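target-v3.cif (mmCIF, C-alpha atoms) appears below.
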data_model
#
loop_
_atom_site.label_atom_id
_atom_site.label_comp_id
_atom_site.auth_asym_id
_atom_site.auth_seq_id
_atom_site.Cartn_x
_atom_site.Cartn_y
_atom_site.Cartn_z
CA MET A 296 72.93 96.15 64.78
CA ILE A 297 70.88 94.06 62.32
CA LYS A 298 69.70 96.09 59.34
CA ILE A 299 66.50 95.08 57.54
CA THR A 300 66.40 95.67 53.78
CA LEU A 301 63.13 93.85 53.14
CA ASN A 302 61.61 96.92 51.50
CA VAL A 303 64.42 96.94 48.91
CA VAL A 304 63.85 93.32 47.93
CA MET A 305 60.07 93.83 47.90
CA ALA A 306 60.51 96.78 45.53
CA GLN A 307 62.78 94.71 43.27
CA ARG A 308 60.15 91.97 43.11
CA ASN A 309 57.25 94.47 42.78
CA MET A 310 55.65 92.92 45.85
CA THR A 311 53.25 94.92 48.05
CA THR A 312 53.01 94.49 51.82
CA GLY A 313 49.58 92.93 51.56
CA GLU A 314 50.62 90.40 48.92
CA LEU A 315 53.75 89.40 50.82
CA ALA A 316 51.80 89.05 54.06
CA LYS A 317 49.21 86.84 52.41
CA GLN A 318 51.78 84.55 50.80
CA VAL A 319 53.96 84.31 53.90
CA GLY A 320 50.95 83.74 56.16
CA ILE A 321 51.41 86.62 58.58
CA THR A 322 49.55 89.88 59.02
CA PRO A 323 50.42 93.03 57.03
CA ALA A 324 51.03 94.69 60.40
CA ASN A 325 53.83 92.20 61.12
CA ILE A 326 55.37 92.87 57.70
CA SER A 327 55.30 96.58 58.54
CA ILE A 328 56.89 95.91 61.92
CA LEU A 329 59.67 94.05 60.12
CA LYS A 330 60.13 96.72 57.43
CA THR A 331 60.28 99.59 59.91
CA GLY A 332 62.80 97.83 62.11
CA LYS A 333 60.56 97.59 65.17
CA ALA A 334 60.67 93.81 65.28
CA ARG A 335 62.47 92.33 68.29
CA ALA A 336 62.91 88.90 66.74
CA ILE A 337 62.04 86.89 63.66
CA ARG A 338 61.21 83.19 63.63
CA PHE A 339 63.20 80.95 61.32
CA SER A 340 59.93 79.68 59.85
CA THR A 341 58.90 83.24 58.93
CA LEU A 342 62.35 84.03 57.49
CA GLU A 343 62.24 80.82 55.44
CA LYS A 344 58.81 81.65 54.07
CA ILE A 345 59.81 85.23 53.18
CA CYS A 346 62.91 83.98 51.35
CA GLU A 347 60.80 81.39 49.53
CA VAL A 348 58.21 83.96 48.42
CA LEU A 349 60.77 86.62 47.44
CA ASP A 350 63.22 84.06 46.02
CA CYS A 351 66.13 85.51 47.92
CA GLN A 352 68.71 84.65 50.57
CA PRO A 353 68.42 85.70 54.26
CA GLY A 354 71.48 87.88 53.72
CA ASP A 355 69.56 89.82 51.08
CA ILE A 356 67.12 91.11 53.68
CA LEU A 357 69.28 90.98 56.83
CA SER A 358 72.71 92.49 57.28
CA TYR A 359 74.90 93.38 60.22
CA THR A 360 76.21 96.91 60.67
CA LYS A 361 77.95 98.67 63.52
CA ASP A 362 75.64 100.92 65.63
CA VAL A 363 74.68 104.08 63.74
CA ASP A 364 72.26 106.64 65.34
CA GLY A 365 69.03 107.36 63.47
CA SER A 366 69.06 104.33 61.17
CA THR A 367 66.15 101.91 60.76
CA ASP A 368 67.67 98.98 62.50
CA VAL A 369 66.60 96.32 65.00
CA MET B 272 35.55 86.72 80.96
CA SER B 273 32.80 84.95 82.92
CA LYS B 274 29.58 86.79 83.70
CA TRP B 275 30.10 86.42 87.48
CA LEU B 276 33.65 87.75 87.34
CA ASN B 277 32.43 90.70 85.29
CA ARG B 278 29.68 91.42 87.85
CA GLY B 279 32.09 90.98 90.74
CA ILE B 280 34.53 93.48 89.25
CA ASN B 281 31.73 95.98 88.70
CA VAL B 282 30.63 95.61 92.34
CA VAL B 283 34.20 96.20 93.50
CA LEU B 284 34.40 99.27 91.25
CA VAL B 285 31.29 100.72 92.88
CA LEU B 286 32.73 100.06 96.35
CA LEU B 287 36.01 101.70 95.33
CA TRP B 288 34.08 104.71 94.06
CA PHE B 289 32.47 105.09 97.50
CA ALA B 290 35.81 104.48 99.21
CA ARG B 291 37.30 107.33 97.19
CA ILE B 292 34.56 109.73 98.31
CA ILE B 293 34.92 108.65 101.94
CA SER B 294 38.71 109.10 101.75
CA TRP B 295 38.31 112.66 100.54
CA ILE B 296 35.79 113.40 103.31
CA ALA B 297 38.15 111.82 105.86
CA MET B 298 40.69 114.55 105.06
CA ILE B 299 38.72 116.60 107.62
CA GLU B 300 40.01 114.40 110.46
CA PRO B 301 43.65 115.60 110.33
CA LEU B 302 42.38 119.18 110.36
CA GLY B 303 40.54 118.38 113.61
CA VAL B 304 43.85 117.37 115.18
CA LEU B 305 45.43 120.69 114.20
CA ILE B 306 42.43 122.68 115.42
CA ALA B 307 42.54 120.88 118.78
CA TYR B 308 46.25 121.72 119.11
CA PHE B 309 45.91 125.41 118.24
CA THR B 310 42.95 125.78 120.64
CA GLY B 311 44.96 124.09 123.41
CA ARG B 312 42.59 121.14 123.76
CA THR B 313 44.82 118.26 122.63
CA THR B 314 45.70 116.88 126.07
CA THR B 315 42.17 117.35 127.44
CA HIS B 316 40.72 115.63 124.38
CA ILE B 317 43.02 112.63 124.84
CA LEU B 318 42.25 112.35 128.56
CA THR B 319 38.47 112.69 128.33
CA ASN B 320 37.32 111.51 124.88
CA THR B 321 35.80 108.04 124.59
CA ASP B 322 37.98 107.38 121.50
CA PHE B 323 40.81 106.76 123.97
CA LEU B 324 40.68 103.73 126.25
CA MET B 325 42.58 103.32 129.50
CA PRO B 326 44.85 100.32 130.05
CA VAL B 327 43.85 98.02 132.90
CA GLY B 328 47.12 98.23 134.85
CA ARG B 329 47.57 101.96 135.19
CA HIS B 330 45.33 104.74 133.90
CA THR B 331 46.02 107.80 135.98
CA ALA B 332 48.48 110.27 134.56
CA SER B 333 50.21 112.58 137.01
CA HIS B 334 49.81 116.33 136.76
CA ALA B 335 53.46 116.58 135.78
CA ALA B 336 52.96 114.09 132.96
CA VAL B 337 49.87 115.93 131.71
CA ALA B 338 51.69 119.25 131.85
CA SER B 339 54.75 117.92 130.04
CA PHE B 340 52.84 116.00 127.35
CA PRO B 341 54.38 117.00 123.97
CA ALA B 342 51.10 118.07 122.41
CA GLY B 343 52.87 119.78 119.51
CA TRP B 344 54.86 116.74 118.45
CA TYR B 345 51.83 114.52 119.00
CA SER B 346 49.62 116.74 116.84
CA LEU B 347 52.26 117.01 114.11
CA ALA B 348 52.85 113.26 114.01
CA MET B 349 49.13 112.50 114.04
CA PHE B 350 48.32 115.14 111.38
CA LEU B 351 51.10 114.12 109.01
CA GLY B 352 50.49 110.42 109.60
CA MET B 353 46.78 110.71 108.79
CA VAL B 354 47.32 112.89 105.72
CA ILE B 355 50.01 110.59 104.33
CA MET B 356 47.85 107.51 104.94
CA LEU B 357 44.86 109.14 103.21
CA VAL B 358 46.98 110.21 100.23
CA GLY B 359 48.31 106.65 100.00
CA ALA B 360 44.78 105.25 100.20
CA LEU B 361 43.59 107.53 97.39
CA MET B 362 46.55 106.47 95.24
CA VAL B 363 45.70 102.79 95.77
CA ILE B 364 42.00 103.34 95.09
CA ASN B 365 42.68 105.27 91.86
CA ALA B 366 45.18 102.66 90.68
CA LEU B 367 42.79 99.80 91.45
CA ILE B 368 39.95 101.52 89.59
CA LYS B 369 42.13 101.94 86.48
CA LEU B 370 43.43 98.37 86.76
CA LEU B 371 39.94 96.91 87.05
CA HIS B 372 38.69 98.98 84.10
CA ASN B 373 41.55 97.52 82.02
CA VAL B 374 40.70 94.01 83.21
CA LEU B 375 37.08 94.57 82.15
CA GLU B 376 38.37 95.51 78.68
CA GLU B 377 40.52 92.36 78.80
CA ALA B 378 43.72 94.39 78.57
CA TYR B 379 45.62 92.26 81.07
CA PHE B 380 49.30 92.71 80.28
CA THR B 381 49.79 96.34 79.33
CA ALA B 382 52.27 99.06 80.18
CA ALA B 383 49.40 101.04 81.72
CA ASN B 384 48.79 98.25 84.24
CA VAL B 385 52.49 98.22 85.10
CA GLN B 386 52.20 101.93 85.89
CA GLN B 387 49.22 101.32 88.17
CA LEU B 388 51.10 98.59 90.06
CA LYS B 389 54.03 100.98 90.43
CA GLN B 390 51.62 103.54 91.90
CA ILE B 391 50.40 100.97 94.42
CA LEU B 392 54.02 100.29 95.34
CA THR B 393 54.62 104.03 95.86
CA ALA B 394 51.49 104.22 98.00
CA GLN B 395 52.81 101.38 100.14
CA TRP B 396 55.94 103.46 100.87
CA LEU B 397 53.60 106.23 102.01
CA PHE B 398 51.76 103.72 104.22
CA ILE B 399 55.05 102.79 105.90
CA VAL B 400 55.85 106.44 106.65
CA GLY B 401 52.28 107.19 107.73
CA THR B 402 52.07 104.11 109.94
CA PHE B 403 55.38 105.04 111.58
CA LEU B 404 54.16 108.57 112.37
CA LEU B 405 50.84 107.30 113.77
CA ALA B 406 52.67 104.70 115.87
CA VAL B 407 54.88 107.50 117.26
CA ALA B 408 51.79 109.58 118.12
CA ASN B 409 50.05 106.63 119.78
CA GLN B 410 53.20 105.76 121.71
CA LEU B 411 53.21 109.31 123.11
CA THR B 412 49.63 109.01 124.38
CA THR B 413 50.30 105.55 125.83
CA SER B 414 53.56 106.48 127.56
CA TRP B 415 52.61 109.94 128.85
CA LEU B 416 48.87 109.84 129.46
CA TYR B 417 48.14 106.10 129.69
CA ARG B 418 45.58 106.29 126.93
CA ILE B 419 45.17 103.98 123.92
CA ASN B 420 43.71 105.42 120.73
CA THR B 421 40.96 103.13 119.43
CA THR B 422 39.98 105.21 116.41
CA VAL B 423 43.45 105.36 114.87
CA ASN B 424 44.61 102.09 116.38
CA VAL B 425 48.11 101.87 114.91
CA ASP B 426 51.12 100.50 116.72
CA TRP B 427 54.66 99.33 115.94
CA SER B 428 53.54 95.93 114.68
CA ASP B 429 51.58 97.70 111.94
CA VAL B 430 54.82 99.32 110.77
CA VAL B 431 56.40 95.88 110.44
CA GLY B 432 53.28 94.66 108.64
CA SER B 433 53.51 97.56 106.17
CA VAL B 434 57.12 96.70 105.38
CA ILE B 435 56.19 93.07 104.74
CA ASP B 436 53.32 94.20 102.51
CA LEU B 437 55.78 96.35 100.55
CA ILE B 438 58.02 93.35 99.93
CA ILE B 439 55.08 91.28 98.71
CA TYR B 440 53.82 94.04 96.37
CA ALA B 441 57.36 94.63 95.08
CA VAL B 442 57.72 90.96 94.12
CA ILE B 443 54.34 91.02 92.36
CA TYR B 444 55.32 94.20 90.51
CA LEU B 445 58.69 92.77 89.41
CA VAL B 446 57.15 89.55 88.10
CA TYR B 447 54.27 91.35 86.37
CA SER B 448 56.49 93.96 84.70
CA ARG B 449 58.74 91.14 83.43
CA ALA B 450 55.64 89.39 82.07
CA VAL B 451 54.60 92.56 80.22
CA ALA B 452 58.14 92.89 78.79
CA LEU B 453 57.99 89.26 77.59
CA LYS B 454 54.58 89.87 76.00
CA THR B 455 55.89 93.01 74.26
CA ASP B 456 58.82 91.01 72.90
CA ASN B 457 56.43 88.30 71.76
CA ASP B 458 54.13 90.83 70.07
CA LEU B 459 57.14 92.20 68.20
CA THR B 460 58.34 88.76 67.17
CA VAL B 461 57.47 88.22 63.52
#
Please render this file's structure as structure tokens.
Amino acid sequence: MIKITLNVVMAQRNMTTGELAKQVGITPANISILKTGKARAIRFSTLEKICEVLDCQPGDILSYTKDVDGSTDV
Amino acid sequence: MSKWLNRGINVVLVLLWFARIISWIAMIEPLGVLIAYFTGRTTTHILTNTDFLMPVGRHTASHAAVASFPAGWYSLAMFLGMVIMLVGALMVINALIKLLHNVLEEAYFTAANVQQLKQILTAQWLFIVGTFLLAVANQLTTSWLYRINTTVNVDWSDVVGSVIDLIIYAVIYLVYSRAVALKTDNDLTV
């Protein structure tokens, strides 16, 4: 299971959903989909842009964990 | 959506609305079959009513054949066949109305439309069963009384046709539901 920790990095950078969406070039709804773990896939171009805006590595917002029930994972 | 397509869909919706009313009214027909059976008039009705034509080759049923005609089985098959066909028709009409409303709102690939297609598929199963029962009933009148029903003119080839229709609708449903799944995945791709 891929775990999304985008909200953690956003909090560390004091970045709101709206601001991140505007700078990345996607809708706030898509940022929310990503944060809540409902996303089925993420494009490399989007991941690159997010990392550029948040000045982080993909591994900072994506991590692999074994299946755990009830977690916010994709 | 083009203006003509929009108008065309609205015309079809009106026709479907009428078809739904007529289907409900047609529910009286199966009751007529039961009433004829319980009043002992089934065989006489088949032999004398203008709804039943006589084949050219032979059209005189013997007294023994008339006496032994399985009116009960005929009435049951005809009643159940007609009811099942009407239920199936109502399911298709309702599903089409909902589908067309969604098309008018330009909601083409939605889970709701997948459900409506599934309902049409279920209705087609009912058509197969209903067609089979009506073909059985018509075979009884043809074989025993040498009469061919022109009002409910269903025979064995219609059963085969219903099965082929089911296969076609099943393929459409499978492809469409896969398309909706792909769209859902795409909508959830960031």
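Under the PyMOL selection byres ((chain A) within 9 of (chain B)), the matching residues in the shown file are A:Ile321, A:Asn325, A:Ile326, A:Ile328, A:Leu329, A:Lys333, A:Ala334, A:Arg335, A:Ala336, A:Ile337, A:Arg338, A:Thr341, A:Leu342.
The space between atom CA of A:Thr300 and atom CA of A:Asp350 spans 14.3 Å.
Residues in contact range of B:Val304, defined as at most 10 Å between all atoms listed in the file, with sequence neighbours fewer than 5 positions away removed, read Ile299, Phe309, Arg312, Thr313, His316, Tyr345, Ser346, Leu347, Ala348, Met349, Phe350 and Met353 of chain B.
Reported to one decimal place, the separation of atom CA of B:Val400 from atom CA of B:Thr310 is 27.1 Å.
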> What's the 12 Å shell around A:Met310, counting all atoms listed in the file, without same-chain residues fewer than 4 positions away, as a ChimeraX atom specification?
Replying inline: /A:301-306,314-319,326,345,348-350
Take the residues from that selection and put them in a file with C-alpha atoms, as an mmCIF file, keeping the file's coordinate frame.
data_model
loop_
_atom_site.group_PDB
_atom_site.id
_atom_site.type_symbol
_atom_site.label_atom_id
_atom_site.label_comp_id
_atom_site.auth_asym_id
_atom_site.auth_seq_id
_atom_site.Cartn_x
_atom_site.Cartn_y
_atom_site.Cartn_z
ATOM 1 C CA LEU A 301 63.130 93.850 53.140
ATOM 2 C CA ASN A 302 61.610 96.920 51.500
ATOM 3 C CA VAL A 303 64.420 96.940 48.910
ATOM 4 C CA VAL A 304 63.850 93.320 47.930
ATOM 5 C CA MET A 305 60.070 93.830 47.900
ATOM 6 C CA ALA A 306 60.510 96.780 45.530
ATOM 7 C CA GLU A 314 50.620 90.400 48.920
ATOM 8 C CA LEU A 315 53.750 89.400 50.820
ATOM 9 C CA ALA A 316 51.800 89.050 54.060
ATOM 10 C CA LYS A 317 49.210 86.840 52.410
ATOM 11 C CA GLN A 318 51.780 84.550 50.800
ATOM 12 C CA VAL A 319 53.960 84.310 53.900
ATOM 13 C CA ILE A 326 55.370 92.870 57.700
ATOM 14 C CA ILE A 345 59.810 85.230 53.180
ATOM 15 C CA VAL A 348 58.210 83.960 48.420
ATOM 16 C CA LEU A 349 60.770 86.620 47.440
ATOM 17 C CA ASP A 350 63.220 84.060 46.020
#
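Atom CA of A:Lys344 sits 8.4 Å away from atom CA of A:Gly320.
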>> Which residues would end up in the selection if the PyMOL selection byres ((chain A and resi 357) around 8) were applied here, given that I need the answer as a PyMOL selection string?
In response: chain A and resi 297-301+353-356+358-359
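Applied to this file, the PyMOL selection byres ((chain A and resi 361) around 6) selects the residues A:Met296, A:Thr360, A:Asp362.
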>> Nearest residue to B:Pro326 out of B:Arg418, B:Ala338, B:Ile438, B:Lys454, using all atoms listed in the file?
In response: B:Arg418
>> List the spatial neighbours of B:Leu287 as a list in words - criterion: any atom at most 10 Å away, all atoms listed in the file, same-chain residues fewer than 5 positions off excluded.
In response: Asn281, Val282, Ile292, Ile293, Leu361, Val363, Ile364, Asn365, Leu367 and Ile368 of chain B
